[in-house]
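Worksheet: the structure to be examined is printed underneath.
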Amino acid sequence: MGKSDVHIELDRVVGELDELHIPYVICGALAAFAHGHRRATTGIDLILTAEGRQKFRASTSGGRERLVPITALVSGGIPGDGTPHGVVFPDPEEASIEVAGKHYLTLAKLIELKLASGLSAPDRLQDHADVIALIRANGLGEPFADGLHAYVRPRYVELWGYAQRPPGPPE
């Protein structure tokens, strides 16, 4: 079985960003996948600096036709509904780990952003479902909350409690 369009495009985009020397970090479902939560996605989410985003869009490759949608978020931006709460998209070089030659959001920052997004945009239920799945996949404990922003700590603890229950039957 070959690679999906998402993974083919991810390889291309990462190659382009590396060639242009643009710092990036992969976030969203692909980062969750890298941290052990396997779920399908139809797009690529990245965090770039404002300068990096501008440079990528200005490049020839940045404007070409893509196999899948790419969302380029800007470091310093606010997840969810855009209401300030202290949690922001990080600088790509400060919150990444390398997995198989690509830069992914750290587990703690991924969980923090998903919690913040789900708290401020209640229609984003998948973000909280992802957090529960990441807690289970990584065997995270309740004290993991101590390293998260104060805005999201109570929700982490709540979702951690749900993660202790056995998963429901498959749909």
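In the structure tokens, each chain is lettered A, B, ... as it comes, each chain's residues begin at 1, and ligands are numbered from 1 in order of appearance.
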
**Message:** Show me, as number ranges by chain, the residues that have an atom within 8 Å of A:Trp160 when counting only C-alpha atoms, minus same-chain residues fewer than 4 positions from it.
**Reply:** A: 132, 135, 141-142, 156, 164

Same residues, C-alpha atoms, saved as a PDB file, in the first residue's frame:
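The resulting out13.pdb:
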ATOM      1  CA  ILE A 132      -8.262  12.019  25.205  1.00  0.00           C
ATOM      2  CA  ILE A 135      -3.506  10.833  26.824  1.00  0.00           C
ATOM      3  CA  GLY A 141      -0.813  11.108  33.959  1.00  0.00           C
ATOM      4  CA  GLU A 142      -2.770  13.840  35.648  1.00  0.00           C
ATOM      5  CA  TYR A 156      -6.815  18.657  30.722  1.00  0.00           C
ATOM      6  CA  GLN A 164      -9.253   6.624  32.389  1.00  0.00           C
TER       7      GLN A 164
END

**Those in stretch 4-159 of chain A with helix (DSSP H, G or I) from DSSP, as a PyMOL selection string** = chain A and resi 5-19+28-34+50-58+61-63+107-120+125-138+142-147+153-159

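Distance annotation: of A:Ile47, A:Arg53, A:Ile22, A:Pro69, the residue with the minimal separation from A:His7 is A:Pro69; atom set is only C-alpha atoms.
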
Hey, what's within 10 Å of A:Gly82 if we count only C-alpha atoms and toss same-chain stuff fewer than 6 positions away? As a tab-separated table (two decimals) with N, CA and C atoms, in the first residue's frame, please?
chain	number	residue	atom	x	y	z
A	88	VAL	N	-0.82	30.76	22.63
A	88	VAL	CA	-0.59	31.20	21.25
A	88	VAL	C	0.16	30.12	20.48
A	117	SER	N	-8.03	25.50	21.74
A	117	SER	CA	-8.94	25.59	20.60
A	117	SER	C	-10.33	25.07	20.97
A	120	SER	N	-12.18	27.56	23.46
A	120	SER	CA	-12.68	28.83	22.94
A	120	SER	C	-13.60	28.67	21.73
A	121	ALA	N	-13.58	27.52	21.10
A	121	ALA	CA	-14.45	27.25	19.96
A	121	ALA	C	-15.15	25.91	20.22

**Message:** For a quick check of understanding, using only C-alpha atoms, which of A:His35, A:Arg64, A:Lys3, A:His103 has the smallest distance to A:Asp18?
**Reply:** A:His103
